[in-house]
Amino acid sequence: MPTCTLCELPVDAPITDETIDGEFCCRGCLEVARMVDNGEDVDLSIAAVRDRVAAEDVKPDVPDDAETAYLSIDGMHCQTCEGFIELLAEKEDGVHEARASYATEMAQVVYDPDRIDRNAIAAALSRLGYQARGPREENDSLRSRVELGKYRAVMAAILMMPVLILYVLFIYPVSLGIYPESFLYGSTVEAMVFGPLAVWSTLILIGLGYPIFRGAYVSLRVGRPNMDVLIAIAVLAAYVYSLTTYITGGRDPYFDVVVMVLAIVTIGNHLESRVKRDALGKRADLTDSRVNEARRLDDDSDATETIEIAECEPGDRLLVKPGERIPVDGQIVDGTAAIDEALVTGESLPQRKSVGDSVLGGSILTDSAIVVEVGTDATSTIDRLVELLWNVKSAATGVQRIVNRFAVLFVPFVLGLAALTAAGWFVLGNDPNTAILAGVSVLVVSCPCSLGIATPLALAAATRDATANRMLVLNETVLERIDDSSVVVFDKTGTLTTGEMELADVAGDNPDEVLSMAAAVERRSSHPIAAAIDDAAPPTTRSVSSFERADRTVSALVDDTCVVVGHPDSFDTDEWTIPAEIEAAVTDAYESGTHPTAVAWEGVVRGIVTVQDRPRDNWQCVVSELADADRELVVLTGDDERMTKTFANYPAIDHVFAGVRPESKEAIVQGLRERGTTTMIGDGTNDAPALASADLGVAVSSGTELAIEAADAVVLDDRLDAVPELFELATDTRGRIKQNLVWAAGYNTIALPLAIIGVITPLIAAVMMAISSLIVVFNSKRRLLPAGRGQVAETDSSVHNDRLGPPAHSD
């Protein structure tokens with residue numbers, strides 16, 4: 001069987017064009033191949049697209065009987081946790097390969113089910129504060145995890161108060177010369193102040209410091225020291241120095257530094273965690289749309305047995321009942337039914353299929369039961385989409401990752417600088433305590449609290465503003481990079497249109513009678529087109545009986561007259577007469593982008609009822625506003641090409657790819673990425689791989705959970721006009737992050753030299769660090785986007801009359 005030149009999927013009927021070499025599975029792949037050509041050798045351009053896909057979709061070399069488990073990982077602290085989780089998993093006997101994602105807090109583990117099971121893998125990963133669980137269990141624990149983080153932040157602020165109060169009342173006045181030094185050397189003061197400080201600070205160090213120490217250990221274990229290492233060393237150095245000073249009789253401990261640093265970092269970590277958790281919300285389960293069991297028919301008795309999907313073999317007959325998902329790809333061997341493939345293919349209407357037709361695993365049976373014969377590979381299309389989604393959904397990048405990479409160099413630099421400072425002071429004739437104090441000052445003043453929270457706090461403010469305007473930011477990089485988009489790809493059905501059918505027109509000698517007859521029959525059908533016709537027709541008292549479904553039509557006796565309703569092509573036979581004006585109405589309907597449904601009785605097609613997929617409000621304004629920034633706009637859809645003419649003819653839209661297979665969408669988006677940073681806007685599960693493989697993905701709220709899981713941002717309330725607001729918010733956020741980072745870096749540039757020469761003591765260093773962090777906090781909290789701002793103004797009312805239609809009706 002030939003394969004597509006672009007996406008390499010098998011194809012039964014290749015599409016070719018004499019102007020470009022190769023065979024393609026759909027018109028979309030052909031057109032994107034033409035686009036990435038850019039006048040150069042097409043083979044080289046297409047190879048670049050495939051190389052990009054392959055680079056992000058590396059399949060492990062594992063046995064055929066291996067299974068894959070998806071686990072939610074609670075407690076992932078930063079990107080270095082990914083490597084540590086993978087190390088833990090791959091140490092287990094029977095685990096072939098493991099990959100973790102900090103962005104989604106999930107792990108994918110490929111394992112041998114005969115040697116280890118899913119529960120054993122979860123137990124192996126549940127160490128050092130990590131908790132591995134199934135995705136469904138993760139949803140149940142989400143609320144408690146958020147509450148725990150909030151309590152830790154509140155407790156950090158409360159626990160810091162007693163320590164600071166003791167310092168304010170007793171130690172700071174001595175340092176400022178208000179009290180004499182002898183004030184601190186009485187036994188009463190020691191019992192009231194220094195003993196409680198040592199004990200209280202030790203408890204705080206253990207309680208609040210554990211996540212930081214664990215993060216430092218994990219980063220060192222995987223060979224990528226991060227900011228946690230520097231924070232941990234600064235805190236431990238201040239604590240050890242203070243405890244040693246107290247035990248040896250000194251009266252200048254810096255327990256306040258220990259407590260302040262831990263409290264500030266704990267609160268900052270909670271704010272970062274809340275950004276992520278609030279954005280993800282009740283996150284979709286990657287396996288929600290997957291079928292686990294099937295009913296297999298016995299070849300002799302037609303009795304059924306329930307089996308696991310993994311036990312399905314080519315040639316098995318599976319019984320599927322109405323409302324259920326088809327377990328695997330196959331072919332209908334018994335029965336006729338309407339099948340909703342929107343979840344998988346993006347086609348806006350259920351398709352009527354009967355014996356001999358192919359069906360896709362993951363699609364939904366809407367009416368009659370059918371028997372499906374398992375195909376040659378016994379796999380499900382929805383499973384392949386889930387795999388595609390995981391393979392292209394990677395951990396977050398952007399400024400925070402740059403900061404973490406900077407830490408790899410900054411940590412050893414500061415440690416060396418502190419050691420040199422202490423050695424230098426000792427060589428210059430100072431006592432060991434003074435030299436050590438100078439080194440500790442360097443460690444504390446360089447503690448990168450402001451640098452560590454510069455990005456997450458700016459993102460927290462942006463997420464707050466986005467949420468106030470009914471947008472969810474699921475991936476912080478969308479606020480760093482979306483404004484750089486040079487290509488914006490829109491899905492059609494459900495994104496630029498609502499996916500809801502409505503009556504557009506009725507043609508015939510007697511339109512009222514045509515609509516009444518059609519509605520009388522269609523009231524017995526569950527098809528979306530039937531619902532649109534029924535909703536538009538007035539109430540009737542007509543008698544309806546003998547309702548029947550055929551391949552692409554439905555029929556019934558209406559007041560003893562046999563009325564047939566369905567696809568116009570079904571009446572192109574000798575037994576039916578189609579008047580010239582009706583043929584013209586069908587042609588006009590297709591030309592205008594609506595879907596025609598023929599209504600016939602007594603051997604004559606009496607009229608045409610046309611329905612349309614209702615366009616979203618303001619789609620023209622949104623498209624035009626994004627195009628004004630010199631972006632290339634593309635519409636990508638699985639619908640029929642003739643149903644996309646309105647978009648193809650709209651001046652702001654550069655390209656329309658129609659009839660695109662779901663598996664091909666990801667390759668097409670990868671091809672568009674060759675032209676620049678690409679943002680994909682869609683809603684359906686079939687869009688999920690494309691959303692995830694784009695540089696940035698935006699899902700509309702009416703979309704499926706799988707699409708939302710793949711996206712970087714979600715627009716709520718069917719507000720397509722919020723997309724330009726998201727671009728504006730991203731621009732402002734990027735500016736705020738730069739301001740914070742400049743301040744944080746500038747603070748270290750000034751403070752470090754002062755600490756080296758002894759101008760800054762650990763106490764002053766802690767205060768400066770707190771002031772620096774507060775400046776970053778207040779700068780980040782400034783509102784970027786006013787809550788409830790006005791929506792984009794509606795365009796001309798003619799927008800609502802555009803005839804934007806679905807693929808051909810198959811009832």
# chains A, B, ... in the order shown; residues from 1 in each chain; ligands from 1
call {"tool": "residues_around", "arguments": {"residues": "region 515-530 of chain A", "least_positions_apart": "2", "cutoff": "8 Å", "atoms": "only C-alpha atoms", "output": "MDAnalysis selection string"}}
result
chainID A and resid 338 349:350 366:367 500:502 506 511:513 532:534 537:538 540 542 544 547 554:556 558 563:565 599 609 611 809 811
call {"tool": "residues_around", "arguments": {"residues": "region 173-187 of chain A", "least_positions_apart": "2", "cutoff": "12 Å", "atoms": "only C-alpha atoms", "output": "JSON list (two decimals) with C-alpha atoms, in the first residue's frame"}}
result
[["chain", "number", "residue", "atom", "x", "y", "z"],
["A", 165, "ILE", "CA", 9.66, 39.22, 67.33],
["A", 166, "LEU", "CA", 12.49, 37.93, 69.54],
["A", 167, "TYR", "CA", 15.04, 39.56, 67.28],
["A", 168, "VAL", "CA", 13.13, 42.86, 67.21],
["A", 169, "LEU", "CA", 12.72, 42.96, 70.98],
["A", 170, "PHE", "CA", 16.16, 41.74, 72.07],
["A", 171, "ILE", "CA", 18.86, 41.28, 69.43],
["A", 189, "VAL", "CA", 17.75, 36.52, 78.37],
["A", 190, "GLU", "CA", 19.40, 33.30, 77.27],
["A", 191, "ALA", "CA", 16.47, 31.27, 78.59],
["A", 192, "MET", "CA", 13.92, 33.61, 77.03],
["A", 193, "VAL", "CA", 15.64, 34.21, 73.68],
["A", 194, "PHE", "CA", 18.48, 32.01, 72.48],
["A", 195, "GLY", "CA", 17.18, 28.60, 73.57],
["A", 246, "TYR", "CA", 24.98, 29.74, 70.25],
["A", 249, "GLY", "CA", 28.50, 31.20, 73.84],
["A", 250, "GLY", "CA", 28.31, 33.77, 71.05],
["A", 251, "ARG", "CA", 25.45, 36.24, 70.93],
["A", 252, "ASP", "CA", 25.25, 37.08, 67.20],
["A", 253, "PRO", "CA", 23.38, 34.14, 65.62],
["A", 761, "THR", "CA", 26.48, 41.33, 57.13],
["A", 763, "LEU", "CA", 21.44, 40.21, 58.62],
["A", 764, "ILE", "CA", 21.63, 43.08, 56.15]]
call {"tool": "residues_around", "arguments": {"residues": "Ile653 (chain A)", "least_positions_apart": "3", "cutoff": "8 Å", "atoms": "only C-alpha atoms", "output": "PDB file with all heavy atoms, in the first residue's frame"}}
result
ATOM      1  N   VAL A 623     -10.175  37.268  13.042  1.00  0.00           N
ATOM      2  CA  VAL A 623      -9.230  36.899  11.981  1.00  0.00           C
ATOM      3  C   VAL A 623      -8.522  38.133  11.447  1.00  0.00           C
ATOM      4  O   VAL A 623      -7.298  38.142  11.255  1.00  0.00           O
ATOM      5  CB  VAL A 623      -9.976  36.141  10.865  1.00  0.00           C
ATOM      6  CG1 VAL A 623      -9.112  36.034   9.625  1.00  0.00           C
ATOM      7  CG2 VAL A 623     -10.383  34.752  11.341  1.00  0.00           C
ATOM      8  N   ALA A 627      -4.534  39.110  11.608  1.00  0.00           N
ATOM      9  CA  ALA A 627      -3.836  39.299  10.330  1.00  0.00           C
ATOM     10  C   ALA A 627      -3.166  40.661  10.253  1.00  0.00           C
ATOM     11  O   ALA A 627      -2.168  40.826   9.539  1.00  0.00           O
ATOM     12  CB  ALA A 627      -4.813  39.132   9.165  1.00  0.00           C
ATOM     13  N   GLU A 632       0.511  35.017   9.116  1.00  0.00           N
ATOM     14  CA  GLU A 632      -0.078  34.180   8.078  1.00  0.00           C
ATOM     15  C   GLU A 632      -1.181  33.341   8.711  1.00  0.00           C
ATOM     16  O   GLU A 632      -0.945  32.624   9.694  1.00  0.00           O
ATOM     17  CB  GLU A 632       1.001  33.276   7.471  1.00  0.00           C
ATOM     18  CG  GLU A 632       0.554  32.525   6.236  1.00  0.00           C
ATOM     19  CD  GLU A 632       1.704  31.781   5.586  1.00  0.00           C
ATOM     20  OE1 GLU A 632       2.813  31.784   6.164  1.00  0.00           O
ATOM     21  OE2 GLU A 632       1.498  31.212   4.501  1.00  0.00           O
ATOM     22  N   LEU A 633      -2.406  33.433   8.189  1.00  0.00           N
ATOM     23  CA  LEU A 633      -3.554  32.748   8.785  1.00  0.00           C
ATOM     24  C   LEU A 633      -3.959  31.559   7.925  1.00  0.00           C
ATOM     25  O   LEU A 633      -4.080  31.682   6.699  1.00  0.00           O
ATOM     26  CB  LEU A 633      -4.728  33.708   8.938  1.00  0.00           C
ATOM     27  CG  LEU A 633      -4.479  34.953   9.799  1.00  0.00           C
ATOM     28  CD1 LEU A 633      -5.784  35.697  10.031  1.00  0.00           C
ATOM     29  CD2 LEU A 633      -3.837  34.602  11.129  1.00  0.00           C
ATOM     30  N   VAL A 634      -4.186  30.419   8.597  1.00  0.00           N
ATOM     31  CA  VAL A 634      -4.489  29.159   7.925  1.00  0.00           C
ATOM     32  C   VAL A 634      -5.715  28.536   8.586  1.00  0.00           C
ATOM     33  O   VAL A 634      -5.860  28.591   9.811  1.00  0.00           O
ATOM     34  CB  VAL A 634      -3.290  28.181   8.013  1.00  0.00           C
ATOM     35  CG1 VAL A 634      -3.651  26.828   7.421  1.00  0.00           C
ATOM     36  CG2 VAL A 634      -2.073  28.765   7.322  1.00  0.00           C
ATOM     37  N   VAL A 635      -6.613  27.954   7.786  1.00  0.00           N
ATOM     38  CA  VAL A 635      -7.746  27.190   8.295  1.00  0.00           C
ATOM     39  C   VAL A 635      -7.507  25.724   7.974  1.00  0.00           C
ATOM     40  O   VAL A 635      -7.224  25.373   6.823  1.00  0.00           O
ATOM     41  CB  VAL A 635      -9.081  27.666   7.687  1.00  0.00           C
ATOM     42  CG1 VAL A 635     -10.223  26.757   8.142  1.00  0.00           C
ATOM     43  CG2 VAL A 635      -9.364  29.108   8.087  1.00  0.00           C
ATOM     44  N   PHE A 647     -14.438  30.738   3.940  1.00  0.00           N
ATOM     45  CA  PHE A 647     -13.156  31.052   4.550  1.00  0.00           C
ATOM     46  C   PHE A 647     -12.073  31.226   3.499  1.00  0.00           C
ATOM     47  O   PHE A 647     -11.217  32.104   3.606  1.00  0.00           O
ATOM     48  CB  PHE A 647     -12.768  29.946   5.542  1.00  0.00           C
ATOM     49  CG  PHE A 647     -13.729  29.818   6.677  1.00  0.00           C
ATOM     50  CD1 PHE A 647     -14.579  28.724   6.763  1.00  0.00           C
ATOM     51  CD2 PHE A 647     -13.808  30.796   7.645  1.00  0.00           C
ATOM     52  CE1 PHE A 647     -15.460  28.613   7.810  1.00  0.00           C
ATOM     53  CE2 PHE A 647     -14.697  30.686   8.698  1.00  0.00           C
ATOM     54  CZ  PHE A 647     -15.530  29.592   8.789  1.00  0.00           C
ATOM     55  N   ALA A 648     -12.108  30.364   2.487  1.00  0.00           N
ATOM     56  CA  ALA A 648     -11.089  30.467   1.438  1.00  0.00           C
ATOM     57  C   ALA A 648     -11.174  31.797   0.713  1.00  0.00           C
ATOM     58  O   ALA A 648     -10.146  32.331   0.247  1.00  0.00           O
ATOM     59  CB  ALA A 648     -11.247  29.310   0.449  1.00  0.00           C
ATOM     60  N   ASN A 649     -12.368  32.358   0.613  1.00  0.00           N
ATOM     61  CA  ASN A 649     -12.549  33.620  -0.097  1.00  0.00           C
ATOM     62  C   ASN A 649     -12.366  34.849   0.786  1.00  0.00           C
ATOM     63  O   ASN A 649     -12.406  35.972   0.290  1.00  0.00           O
ATOM     64  CB  ASN A 649     -13.950  33.663  -0.729  1.00  0.00           C
ATOM     65  CG  ASN A 649     -14.128  32.610  -1.815  1.00  0.00           C
ATOM     66  OD1 ASN A 649     -13.154  32.205  -2.451  1.00  0.00           O
ATOM     67  ND2 ASN A 649     -15.351  32.153  -2.007  1.00  0.00           N
ATOM     68  N   TYR A 650     -12.184  34.646   2.093  1.00  0.00           N
ATOM     69  CA  TYR A 650     -12.036  35.801   2.978  1.00  0.00           C
ATOM     70  C   TYR A 650     -10.617  36.355   2.854  1.00  0.00           C
ATOM     71  O   TYR A 650      -9.635  35.613   2.977  1.00  0.00           O
ATOM     72  CB  TYR A 650     -12.328  35.402   4.418  1.00  0.00           C
ATOM     73  CG  TYR A 650     -12.455  36.587   5.344  1.00  0.00           C
ATOM     74  CD1 TYR A 650     -13.533  37.468   5.225  1.00  0.00           C
ATOM     75  CD2 TYR A 650     -11.498  36.847   6.306  1.00  0.00           C
ATOM     76  CE1 TYR A 650     -13.656  38.566   6.060  1.00  0.00           C
ATOM     77  CE2 TYR A 650     -11.608  37.941   7.160  1.00  0.00           C
ATOM     78  CZ  TYR A 650     -12.690  38.800   7.021  1.00  0.00           C
ATOM     79  OH  TYR A 650     -12.805  39.896   7.840  1.00  0.00           O
ATOM     80  N   VAL A 656      -6.518  27.540   3.133  1.00  0.00           N
ATOM     81  CA  VAL A 656      -7.510  26.647   3.730  1.00  0.00           C
ATOM     82  C   VAL A 656      -7.170  25.222   3.314  1.00  0.00           C
ATOM     83  O   VAL A 656      -7.115  24.914   2.120  1.00  0.00           O
ATOM     84  CB  VAL A 656      -8.945  26.994   3.280  1.00  0.00           C
ATOM     85  CG1 VAL A 656      -9.920  25.954   3.812  1.00  0.00           C
ATOM     86  CG2 VAL A 656      -9.344  28.380   3.778  1.00  0.00           C
TER      87      VAL A 656
END
call {"tool": "closest_residue", "arguments": {"among": "A:Asp431, A:Glu97, A:Asp340, A:Glu674", "to": "Gly323 (chain A)", "atoms": "only C-alpha atoms"}}
result
A:Asp340
call {"tool": "residues_around", "arguments": {"residues": "region 406-422 of chain A", "least_positions_apart": "5", "cutoff": "9 Å", "atoms": "only C-alpha atoms", "output": "PyMOL selection string"}}
result
chain A and resi 224-227+229-230+233+401+427+432+434-443+446+755-757
call {"tool": "residues_around", "arguments": {"residues": "Val240 (chain A)", "least_positions_apart": "4", "cutoff": "12 Å", "atoms": "only C-alpha atoms", "output": "MDAnalysis selection string"}}
result
chainID A and resid 198 201:202 205 232:236 244:247 253:255 257:258 436:437 440
call {"tool": "write_last_selection", "arguments": {"atoms": "all heavy atoms", "output": "compact mmCIF listing (two decimals), in the first residue's frame"}}
result
# COMPACT_ATOMS: atom_id res chain seq x y z
N ALA A 198 16.89 28.70 68.95
CA ALA A 198 17.57 27.53 68.39
C ALA A 198 16.57 26.40 68.12
O ALA A 198 16.60 25.77 67.05
CB ALA A 198 18.67 27.07 69.34
N SER A 201 13.93 27.51 65.33
CA SER A 201 14.55 27.58 64.00
C SER A 201 14.86 26.18 63.46
O SER A 201 14.75 25.93 62.26
CB SER A 201 15.84 28.41 64.06
OG SER A 201 15.57 29.73 64.48
N THR A 202 15.22 25.26 64.37
CA THR A 202 15.49 23.88 63.93
C THR A 202 14.22 23.23 63.41
O THR A 202 14.23 22.56 62.36
CB THR A 202 16.06 23.06 65.10
OG1 THR A 202 17.27 23.67 65.57
CG2 THR A 202 16.34 21.63 64.66
N LEU A 205 13.43 24.74 60.08
CA LEU A 205 14.35 24.23 59.07
C LEU A 205 13.92 22.87 58.56
O LEU A 205 13.94 22.61 57.35
CB LEU A 205 15.76 24.15 59.67
CG LEU A 205 16.85 23.63 58.72
CD1 LEU A 205 17.23 24.73 57.73
CD2 LEU A 205 18.07 23.17 59.51
N ALA A 232 19.55 26.00 49.52
CA ALA A 232 19.81 25.04 50.59
C ALA A 232 21.16 25.30 51.26
O ALA A 232 21.28 25.26 52.49
CB ALA A 232 19.77 23.62 50.03
N ILE A 233 22.18 25.58 50.45
CA ILE A 233 23.50 25.83 51.02
C ILE A 233 23.50 27.11 51.85
O ILE A 233 24.07 27.16 52.95
CB ILE A 233 24.55 25.92 49.90
CG1 ILE A 233 24.73 24.53 49.27
CG2 ILE A 233 25.88 26.43 50.42
CD1 ILE A 233 25.65 24.52 48.07
N ALA A 234 22.84 28.16 51.35
CA ALA A 234 22.78 29.42 52.10
C ALA A 234 22.06 29.23 53.42
O ALA A 234 22.53 29.71 54.47
CB ALA A 234 22.09 30.49 51.26
N VAL A 235 20.95 28.52 53.41
CA VAL A 235 20.18 28.29 54.63
C VAL A 235 20.98 27.44 55.61
O VAL A 235 21.06 27.76 56.81
CB VAL A 235 18.83 27.63 54.29
CG1 VAL A 235 18.15 27.13 55.56
CG2 VAL A 235 17.93 28.61 53.57
N LEU A 236 21.57 26.35 55.14
CA LEU A 236 22.33 25.47 56.03
C LEU A 236 23.56 26.18 56.58
O LEU A 236 23.92 26.00 57.76
CB LEU A 236 22.74 24.21 55.27
CG LEU A 236 21.61 23.22 54.98
CD1 LEU A 236 22.11 22.08 54.12
CD2 LEU A 236 21.02 22.68 56.29
N THR A 244 26.32 26.95 65.92
CA THR A 244 27.67 26.87 66.49
C THR A 244 27.95 28.06 67.38
O THR A 244 28.53 27.93 68.48
CB THR A 244 28.71 26.80 65.36
OG1 THR A 244 28.43 25.67 64.53
CG2 THR A 244 30.11 26.67 65.93
N THR A 245 27.54 29.23 66.93
CA THR A 245 27.74 30.45 67.73
C THR A 245 27.00 30.36 69.06
O THR A 245 27.54 30.71 70.13
CB THR A 245 27.25 31.67 66.94
OG1 THR A 245 28.00 31.78 65.74
CG2 THR A 245 27.39 32.94 67.76
N TYR A 246 25.78 29.86 69.03
CA TYR A 246 24.98 29.74 70.25
C TYR A 246 25.62 28.75 71.22
O TYR A 246 25.75 29.02 72.43
CB TYR A 246 23.57 29.32 69.90
CG TYR A 246 22.76 28.83 71.08
CD1 TYR A 246 22.43 29.71 72.13
CD2 TYR A 246 22.33 27.51 71.16
CE1 TYR A 246 21.70 29.27 73.22
CE2 TYR A 246 21.61 27.07 72.25
CZ TYR A 246 21.29 27.96 73.28
OH TYR A 246 20.57 27.50 74.36
N ILE A 247 26.04 27.59 70.69
CA ILE A 247 26.62 26.55 71.55
C ILE A 247 27.92 27.03 72.17
O ILE A 247 28.23 26.72 73.34
CB ILE A 247 26.83 25.25 70.74
CG1 ILE A 247 25.47 24.66 70.35
CG2 ILE A 247 27.64 24.25 71.54
CD1 ILE A 247 25.58 23.47 69.43
N PRO A 253 23.86 35.17 66.57
CA PRO A 253 23.38 34.14 65.62
C PRO A 253 22.49 34.77 64.54
O PRO A 253 21.95 35.86 64.73
CB PRO A 253 22.58 33.19 66.51
CG PRO A 253 22.04 34.08 67.59
CD PRO A 253 23.12 35.10 67.85
N TYR A 254 22.34 34.04 63.46
CA TYR A 254 21.52 34.53 62.34
C TYR A 254 20.39 33.55 62.03
O TYR A 254 20.14 33.20 60.90
CB TYR A 254 22.40 34.74 61.10
CG TYR A 254 23.31 35.94 61.23
CD1 TYR A 254 24.61 35.79 61.71
CD2 TYR A 254 22.85 37.21 60.93
CE1 TYR A 254 25.44 36.89 61.85
CE2 TYR A 254 23.67 38.32 61.07
CZ TYR A 254 24.97 38.16 61.53
OH TYR A 254 25.77 39.25 61.68
N PHE A 255 19.70 33.15 63.11
CA PHE A 255 18.53 32.30 62.91
C PHE A 255 17.44 33.04 62.12
O PHE A 255 16.63 32.42 61.43
CB PHE A 255 17.96 31.85 64.25
CG PHE A 255 18.83 30.87 64.99
CD1 PHE A 255 19.35 31.17 66.23
CD2 PHE A 255 19.12 29.63 64.43
CE1 PHE A 255 20.15 30.27 66.91
CE2 PHE A 255 19.92 28.72 65.10
CZ PHE A 255 20.45 29.04 66.35
N VAL A 257 17.89 34.91 59.59
CA VAL A 257 18.18 34.72 58.17
C VAL A 257 17.64 33.38 57.69
O VAL A 257 17.02 33.28 56.63
CB VAL A 257 19.71 34.79 57.92
CG1 VAL A 257 20.03 34.46 56.48
CG2 VAL A 257 20.23 36.17 58.29
N VAL A 258 17.86 32.35 58.52
CA VAL A 258 17.37 31.01 58.17
C VAL A 258 15.86 31.03 57.98
O VAL A 258 15.32 30.55 56.97
CB VAL A 258 17.76 30.00 59.27
CG1 VAL A 258 17.17 28.63 58.95
CG2 VAL A 258 19.26 29.91 59.41
N ILE A 436 34.43 33.36 58.37
CA ILE A 436 33.27 32.52 58.03
C ILE A 436 32.04 33.38 57.84
O ILE A 436 31.22 33.15 56.93
CB ILE A 436 33.05 31.46 59.12
CG1 ILE A 436 34.21 30.45 59.13
CG2 ILE A 436 31.73 30.73 58.90
CD1 ILE A 436 34.16 29.46 60.28
N LEU A 437 31.87 34.40 58.70
CA LEU A 437 30.72 35.27 58.60
C LEU A 437 30.69 36.00 57.26
O LEU A 437 29.63 36.17 56.65
CB LEU A 437 30.74 36.30 59.74
CG LEU A 437 29.45 37.11 59.95
CD1 LEU A 437 28.29 36.18 60.29
CD2 LEU A 437 29.65 38.14 61.06
N VAL A 440 29.52 33.50 54.72
CA VAL A 440 28.06 33.29 54.85
C VAL A 440 27.30 34.47 54.27
O VAL A 440 26.25 34.30 53.62
CB VAL A 440 27.68 33.06 56.32
CG1 VAL A 440 26.17 33.05 56.49
CG2 VAL A 440 28.27 31.76 56.83
call {"tool": "residues_around", "arguments": {"residues": "Asp572 (chain A)", "least_positions_apart": "5", "cutoff": "12 Å", "atoms": "only C-alpha atoms", "output": "ChimeraX atom specification"}}
result
/A:566-567,577-579,583,598,600,603-605
call {"tool": "write_last_selection", "arguments": {"atoms": "all heavy atoms", "output": "tab-separated table (two decimals), in the first residue's frame"}}
result
chain	number	residue	atom	x	y	z
A	566	GLY	N	-33.21	12.81	2.62
A	566	GLY	CA	-31.81	12.40	2.71
A	566	GLY	C	-30.92	13.13	1.73
A	566	GLY	O	-31.27	14.19	1.19
A	567	HIS	N	-29.76	12.56	1.50
A	567	HIS	CA	-28.75	13.17	0.64
A	567	HIS	C	-29.27	13.27	-0.80
A	567	HIS	O	-29.85	12.31	-1.32
A	567	HIS	CB	-27.47	12.32	0.67
A	567	HIS	CG	-26.27	13.02	0.13
A	567	HIS	ND1	-26.08	13.22	-1.21
A	567	HIS	CD2	-25.20	13.57	0.76
A	567	HIS	CE1	-24.94	13.85	-1.40
A	567	HIS	NE2	-24.40	14.08	-0.21
A	577	THR	N	-37.86	11.67	-9.96
A	577	THR	CA	-37.79	12.83	-10.86
A	577	THR	C	-37.28	14.03	-10.07
A	577	THR	O	-37.81	14.35	-9.00
A	577	THR	CB	-39.18	13.16	-11.43
A	577	THR	OG1	-39.66	12.03	-12.17
A	577	THR	CG2	-39.11	14.38	-12.34
A	578	ILE	N	-36.24	14.66	-10.61
A	578	ILE	CA	-35.67	15.84	-9.95
A	578	ILE	C	-35.85	17.03	-10.88
A	578	ILE	O	-35.20	17.15	-11.92
A	578	ILE	CB	-34.16	15.64	-9.64
A	578	ILE	CG1	-33.94	14.36	-8.85
A	578	ILE	CG2	-33.62	16.84	-8.89
A	578	ILE	CD1	-32.49	14.08	-8.55
A	579	PRO	N	-36.74	17.95	-10.55
A	579	PRO	CA	-36.97	19.12	-11.39
A	579	PRO	C	-35.69	19.96	-11.52
A	579	PRO	O	-34.83	19.95	-10.64
A	579	PRO	CB	-38.06	19.90	-10.63
A	579	PRO	CG	-38.75	18.87	-9.79
A	579	PRO	CD	-37.67	17.90	-9.39
A	583	GLU	N	-32.47	20.88	-8.86
A	583	GLU	CA	-31.05	20.65	-9.13
A	583	GLU	C	-30.26	21.94	-8.98
A	583	GLU	O	-29.14	21.95	-8.44
A	583	GLU	CB	-30.88	20.06	-10.53
A	583	GLU	CG	-31.40	18.63	-10.68
A	583	GLU	CD	-31.12	18.06	-12.06
A	583	GLU	OE1	-30.89	18.88	-12.99
A	583	GLU	OE2	-31.13	16.83	-12.22
A	598	ALA	N	-32.56	16.61	0.55
A	598	ALA	CA	-33.71	16.52	-0.37
A	598	ALA	C	-34.92	15.93	0.33
A	598	ALA	O	-34.79	15.05	1.20
A	598	ALA	CB	-33.34	15.66	-1.58
A	600	ALA	N	-38.69	14.20	-0.72
A	600	ALA	CA	-39.39	13.67	-1.89
A	600	ALA	C	-40.58	12.81	-1.47
A	600	ALA	O	-40.56	12.16	-0.42
A	600	ALA	CB	-38.43	12.86	-2.75
A	603	GLY	N	-42.59	9.90	-5.97
A	603	GLY	CA	-41.67	9.78	-7.09
A	603	GLY	C	-41.00	11.07	-7.52
A	603	GLY	O	-40.26	11.07	-8.51
A	604	VAL	N	-41.25	12.17	-6.82
A	604	VAL	CA	-40.70	13.47	-7.22
A	604	VAL	C	-40.01	14.13	-6.03
A	604	VAL	O	-40.53	14.10	-4.91
A	604	VAL	CB	-41.80	14.41	-7.76
A	604	VAL	CG1	-41.21	15.76	-8.17
A	604	VAL	CG2	-42.52	13.76	-8.93
A	605	VAL	N	-38.81	14.69	-6.28
A	605	VAL	CA	-38.14	15.49	-5.25
A	605	VAL	C	-38.85	16.84	-5.20
A	605	VAL	O	-38.77	17.64	-6.13
A	605	VAL	CB	-36.64	15.67	-5.57
A	605	VAL	CG1	-35.99	16.57	-4.52
A	605	VAL	CG2	-35.93	14.32	-5.62
call {"tool": "select_by_dssp", "arguments": {"residues": "region 450-647 of chain A", "states": "strand (DSSP E)", "output": "VMD selection string"}}
result
chain A and resid 471 to 473 487 to 491 497 to 508 544 to 549 553 to 558 561 to 566 595 to 601 604 to 615 632 to 636
call {"tool": "closest_residue", "arguments": {"among": "A:Ala98, A:Asp654, A:Met106, A:Asp17", "to": "Asp74 (chain A)", "atoms": "only C-alpha atoms"}}
result
A:Met106
